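Notes to accompany the following structure.
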Amino acid sequence: MTISTAQQHQLARCEQCHKLSLLAEHNCPRCGSPLSFRRPHSLQRCWALCLAATFLLFPANLLPIMTVVNLGSGDPDTIMSGIVKLWINDLQGIAIIVFVASILVPIIKLLALLLLMLVVQLHLPLHKGQCTLLYRFIHFVGRWSMLDLFIISILVTVVQMGNIARVDAGPAATAFAAVVILTMLAASYFDPRLIWDLEQDEDVQAVPEQPEQTL
Amino acid sequence: MSHSPSDITPPAASHWVACQDCDQLLQTAVLSEHQRARCPRCGARLEGVAVKSLHRYPGLAAAIAGLILFFPAISLPIMEFELIGQHGTNTLWEGVWTLWQVGFPLLAMLVLLCSLLAPLCHLLLSIRTSWQLGSEKTLPPSFPQQLKALHFFQHWSMVEVYAISILVAYIKLLSDGEVMLLSGSYCIAALLICLIVTSQQSHAETAWQAWEAQQKRRPI
Ligand SMILES: [Zn+2]
Ligand SMILES: [Zn+2]
């Protein structure tokens, strides 16, 4: 298979409508969106969003996310202590689902984005197909972090019986919501084509006797 | 379905697509329904490939059914929890409103967007788009914005996550007291099916090509 990218032909793919047009046109002739070969400032934006999300992971995990008041008394629960309580109460299945959605997914997402950005910036020789698979995975899985927030919204409404039983949301919920938004945005700013662009750089380096083109 | 370019002459852009994940330039044929085009370089399912859709109506019907189901889905009680004679219920809309009232505006707005606003706008815009493509009238100048908005709301609509959240909350409450799933949860499940069918039947590239064809006929 010959590798021939759109960029080599001066063609830019519209981010909105996917049409290919010459970059010289500046705006997509079909939908009017600005054209560029790769998502603009992809790495800078992704770094900034990932850093912000990483900082917010601390309040999201250390502050209480939910307080279950039962007969007048209740301890605030962090995400992790809530999961431990579910496990102790013989709800292991639910504990695993909440653990995956609230702890594993955000951390794996951030680590994966970090790895992908390092691959691009440091030209790490990882398998490009697998990096792309990783990117598709984090793109797909990001929305499932909303699970815990929806559960809070359900419990806070359904368990409202004054001092007998009540569920209160905690400040970690807002921090966690911000983590979900920031990581979803970070995944959409990262441009997986940057990974494959490394391959061309390697090809160029591998064939040094290629005649230089002068304009 | 895809061929690599055989020569290096710049191809006419209209018959070519670039892979969204690796930028490989590929020539594609118009696909029939249930066909998929994959990138030979990275394996991505190609976006922006035209699909010859034979039936406009399943998608439109699913979107209209979804819209009809939407209002019971947000206003009927989802579950009932009972403890020592006291009981409480919830609806999708109350979930947003309670969060707002107890001082979590950011969280309330995020839940509002993902569980209510995005699915509603997705359905409305899908119906409008199908309708406009089906009728003989010219497409309005706002058509590109409409398709972009449709894509945005489709991305942020998370009814499938909400449906699983209902199940998790239900199982969680089972150990604390009496809990019952009510009509609202069935409406949400049916709404979810309608949203999935609507998404599967909508072909963005077909809509974009209709817009492009009209622009070529009457240049603005
Ligand atoms: Zn465009
Ligand atoms: Zn590809």
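We label chains A, B, ... in the order they appear in the structure tokens, count residues from 1 in each chain, and number ligands from 1 in the order shown.
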
Leaving out Arg36 of chain B and any residue of its chain fewer than 2 positions from it, which residues lie within 8 Å of it when counting only C-alpha atoms, given as a ChimeraX atom specification?
/B:31,34,38,45-46

With only C-alpha atoms and all ligand atoms counted, collect every polymer residue having an atom within 12 Å of ligand 1; state the result as a ChimeraX atom specification.
/A:12-23,25-36 /B:48,144-145,147-148,204-205,208-209,211-212

Output as JSON lines one row per residue of chain B within 8 Å of ligand 2: the closest atom pair and its distance in Å to one decimal place, counting only C-alpha atoms and all ligand atoms, sorted by chain and residue number ascending.
```
{"residue": "B:Ala18", "atom": "CA", "partner": "ligand 2", "partner_atom_place_in_ligand_line": "1 (Zn)", "distance": 7.8}
{"residue": "B:Cys19", "atom": "CA", "partner": "ligand 2", "partner_atom_place_in_ligand_line": "1 (Zn)", "distance": 4.5}
{"residue": "B:Gln20", "atom": "CA", "partner": "ligand 2", "partner_atom_place_in_ligand_line": "1 (Zn)", "distance": 6.5}
{"residue": "B:Asp21", "atom": "CA", "partner": "ligand 2", "partner_atom_place_in_ligand_line": "1 (Zn)", "distance": 5.0}
{"residue": "B:Cys22", "atom": "CA", "partner": "ligand 2", "partner_atom_place_in_ligand_line": "1 (Zn)", "distance": 4.2}
{"residue": "B:Asp23", "atom": "CA", "partner": "ligand 2", "partner_atom_place_in_ligand_line": "1 (Zn)", "distance": 6.1}
{"residue": "B:Gln24", "atom": "CA", "partner": "ligand 2", "partner_atom_place_in_ligand_line": "1 (Zn)", "distance": 5.5}
{"residue": "B:Arg38", "atom": "CA", "partner": "ligand 2", "partner_atom_place_in_ligand_line": "1 (Zn)", "distance": 7.7}
{"residue": "B:Cys39", "atom": "CA", "partner": "ligand 2", "partner_atom_place_in_ligand_line": "1 (Zn)", "distance": 4.5}
{"residue": "B:Pro40", "atom": "CA", "partner": "ligand 2", "partner_atom_place_in_ligand_line": "1 (Zn)", "distance": 6.6}
{"residue": "B:Arg41", "atom": "CA", "partner": "ligand 2", "partner_atom_place_in_ligand_line": "1 (Zn)", "distance": 5.0}
{"residue": "B:Cys42", "atom": "CA", "partner": "ligand 2", "partner_atom_place_in_ligand_line": "1 (Zn)", "distance": 4.1}
{"residue": "B:Gly43", "atom": "CA", "partner": "ligand 2", "partner_atom_place_in_ligand_line": "1 (Zn)", "distance": 5.8}
{"residue": "B:Ala44", "atom": "CA", "partner": "ligand 2", "partner_atom_place_in_ligand_line": "1 (Zn)", "distance": 5.3}
{"residue": "B:Leu46", "atom": "CA", "partner": "ligand 2", "partner_atom_place_in_ligand_line": "1 (Zn)", "distance": 7.6}
```

For chain A, list the residues within 7 Å of chain B, counting only C-alpha atoms, and write the list as a ChimeraX atom specification.
/A:1-6,9,13,16-18,20-21,30-31,94,129,144,147,150-151,153-155,157-161,174,177,192-193,196

Take the residues from that selection and write them out as an mmCIF file, in the first residue's frame, keeping N, CA and C atoms.
```
data_model
loop_
_atom_site.group_PDB
_atom_site.id
_atom_site.type_symbol
_atom_site.label_atom_id
_atom_site.label_comp_id
_atom_site.auth_asym_id
_atom_site.auth_seq_id
_atom_site.Cartn_x
_atom_site.Cartn_y
_atom_site.Cartn_z
ATOM 1 N N MET A 1 0.838 -1.192 0.000
ATOM 2 C CA MET A 1 0.000 0.000 0.000
ATOM 3 C C MET A 1 0.877 1.248 0.000
ATOM 4 N N THR A 2 0.618 2.150 -0.898
ATOM 5 C CA THR A 2 1.366 3.394 -0.882
ATOM 6 C C THR A 2 0.754 4.315 0.159
ATOM 7 N N ILE A 3 1.637 4.906 0.965
ATOM 8 C CA ILE A 3 1.138 5.850 1.962
ATOM 9 C C ILE A 3 1.145 7.229 1.347
ATOM 10 N N SER A 4 -0.010 7.783 1.245
ATOM 11 C CA SER A 4 -0.143 9.078 0.627
ATOM 12 C C SER A 4 -1.179 9.833 1.429
ATOM 13 N N THR A 5 -0.742 10.855 2.143
ATOM 14 C CA THR A 5 -1.685 11.548 3.017
ATOM 15 C C THR A 5 -2.275 12.752 2.304
ATOM 16 N N ALA A 6 -3.398 13.167 2.829
ATOM 17 C CA ALA A 6 -4.056 14.343 2.258
ATOM 18 C C ALA A 6 -3.136 15.560 2.338
ATOM 19 N N HIS A 9 -0.801 16.260 -0.434
ATOM 20 C CA HIS A 9 -1.427 16.822 -1.630
ATOM 21 C C HIS A 9 -2.007 18.197 -1.357
ATOM 22 N N ARG A 13 -8.640 18.360 5.563
ATOM 23 C CA ARG A 13 -9.926 17.726 5.815
ATOM 24 C C ARG A 13 -10.709 18.617 6.760
ATOM 25 N N GLN A 16 -15.527 19.782 10.451
ATOM 26 C CA GLN A 16 -16.978 19.749 10.666
ATOM 27 C C GLN A 16 -17.689 18.855 9.673
ATOM 28 N N CYS A 17 -17.395 19.005 8.372
ATOM 29 C CA CYS A 17 -18.171 18.264 7.377
ATOM 30 C C CYS A 17 -17.325 17.227 6.657
ATOM 31 N N HIS A 18 -16.040 17.126 6.996
ATOM 32 C CA HIS A 18 -15.149 16.077 6.490
ATOM 33 C C HIS A 18 -14.788 16.225 5.021
ATOM 34 N N LEU A 20 -12.718 17.314 1.765
ATOM 35 C CA LEU A 20 -11.324 17.641 1.474
ATOM 36 C C LEU A 20 -11.292 18.857 0.564
ATOM 37 N N SER A 21 -10.488 19.848 0.936
ATOM 38 C CA SER A 21 -10.300 20.976 0.033
ATOM 39 C C SER A 21 -8.855 21.430 0.138
ATOM 40 N N ARG A 30 -17.750 24.103 1.605
ATOM 41 C CA ARG A 30 -19.057 23.492 1.826
ATOM 42 C C ARG A 30 -19.752 24.032 3.076
ATOM 43 N N CYS A 31 -18.989 24.194 4.182
ATOM 44 C CA CYS A 31 -19.666 24.585 5.419
ATOM 45 C C CYS A 31 -19.093 25.849 6.042
ATOM 46 N N ILE A 94 -21.940 -3.679 41.782
ATOM 47 C CA ILE A 94 -22.108 -2.232 41.691
ATOM 48 C C ILE A 94 -20.815 -1.527 42.067
ATOM 49 N N GLY A 129 -0.582 1.705 15.223
ATOM 50 C CA GLY A 129 -1.942 1.175 15.200
ATOM 51 C C GLY A 129 -2.490 1.038 16.604
ATOM 52 N N TRP A 144 -18.694 7.585 29.849
ATOM 53 C CA TRP A 144 -19.175 6.720 30.924
ATOM 54 C C TRP A 144 -18.790 7.231 32.299
ATOM 55 N N LEU A 147 -21.539 8.472 34.697
ATOM 56 C CA LEU A 147 -22.364 7.523 35.454
ATOM 57 C C LEU A 147 -22.571 7.957 36.907
ATOM 58 N N PHE A 150 -24.779 11.069 37.299
ATOM 59 C CA PHE A 150 -26.202 10.771 37.113
ATOM 60 C C PHE A 150 -26.756 10.048 38.335
ATOM 61 N N ILE A 151 -25.975 9.120 38.900
ATOM 62 C CA ILE A 151 -26.439 8.386 40.089
ATOM 63 C C ILE A 151 -26.678 9.368 41.232
ATOM 64 N N SER A 153 -27.469 12.521 40.947
ATOM 65 C CA SER A 153 -28.679 13.289 40.629
ATOM 66 C C SER A 153 -29.935 12.464 40.924
ATOM 67 N N ILE A 154 -29.876 11.147 40.682
ATOM 68 C CA ILE A 154 -31.039 10.278 40.973
ATOM 69 C C ILE A 154 -31.231 10.129 42.483
ATOM 70 N N LEU A 155 -30.135 9.806 43.202
ATOM 71 C CA LEU A 155 -30.265 9.534 44.640
ATOM 72 C C LEU A 155 -30.666 10.776 45.424
ATOM 73 N N THR A 157 -32.499 13.107 44.541
ATOM 74 C CA THR A 157 -33.918 13.393 44.346
ATOM 75 C C THR A 157 -34.810 12.346 45.005
ATOM 76 N N VAL A 158 -34.434 11.076 44.846
ATOM 77 C CA VAL A 158 -35.355 10.020 45.279
ATOM 78 C C VAL A 158 -35.300 9.802 46.792
ATOM 79 N N VAL A 159 -34.153 10.035 47.401
ATOM 80 C CA VAL A 159 -34.040 9.826 48.849
ATOM 81 C C VAL A 159 -34.054 11.195 49.540
ATOM 82 N N GLN A 160 -35.244 11.714 49.765
ATOM 83 C CA GLN A 160 -35.415 13.040 50.362
ATOM 84 C C GLN A 160 -36.453 12.916 51.472
ATOM 85 N N MET A 161 -36.083 12.314 52.598
ATOM 86 C CA MET A 161 -37.072 12.102 53.657
ATOM 87 C C MET A 161 -36.611 12.758 54.941
ATOM 88 N N THR A 174 -18.881 18.570 42.096
ATOM 89 C CA THR A 174 -18.598 19.633 41.134
ATOM 90 C C THR A 174 -17.203 19.453 40.531
ATOM 91 N N ALA A 177 -17.361 16.688 38.052
ATOM 92 C CA ALA A 177 -18.021 17.122 36.816
ATOM 93 C C ALA A 177 -17.032 17.884 35.939
ATOM 94 N N PRO A 192 -5.123 12.450 16.430
ATOM 95 C CA PRO A 192 -4.399 11.182 16.257
ATOM 96 C C PRO A 192 -3.538 11.161 15.000
ATOM 97 N N ARG A 193 -3.806 12.056 14.064
ATOM 98 C CA ARG A 193 -2.997 12.067 12.834
ATOM 99 C C ARG A 193 -1.556 12.443 13.121
ATOM 100 N N TRP A 196 0.604 9.412 13.262
ATOM 101 C CA TRP A 196 0.963 8.821 11.965
ATOM 102 C C TRP A 196 1.910 9.716 11.195
#
```

DSSP on the backbone, helix (DSSP H, G or I) only: what residues of segment 115-198 of chain B does that give? Format it as a ChimeraX atom specification.
/B:115-134,143-156,159-174,183-198

Interatomic distance between atom CA of Ala173 of chain A and atom CA of Ile65 of chain A?
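One can read the atom CA of Ala173 of chain A to atom CA of Ile65 of chain A distance as 5.2 Å.
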
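With atom CA of Val119 of chain A on one side and atom CA of Pro106 of chain A on the other, the separation reads 19.9 Å.
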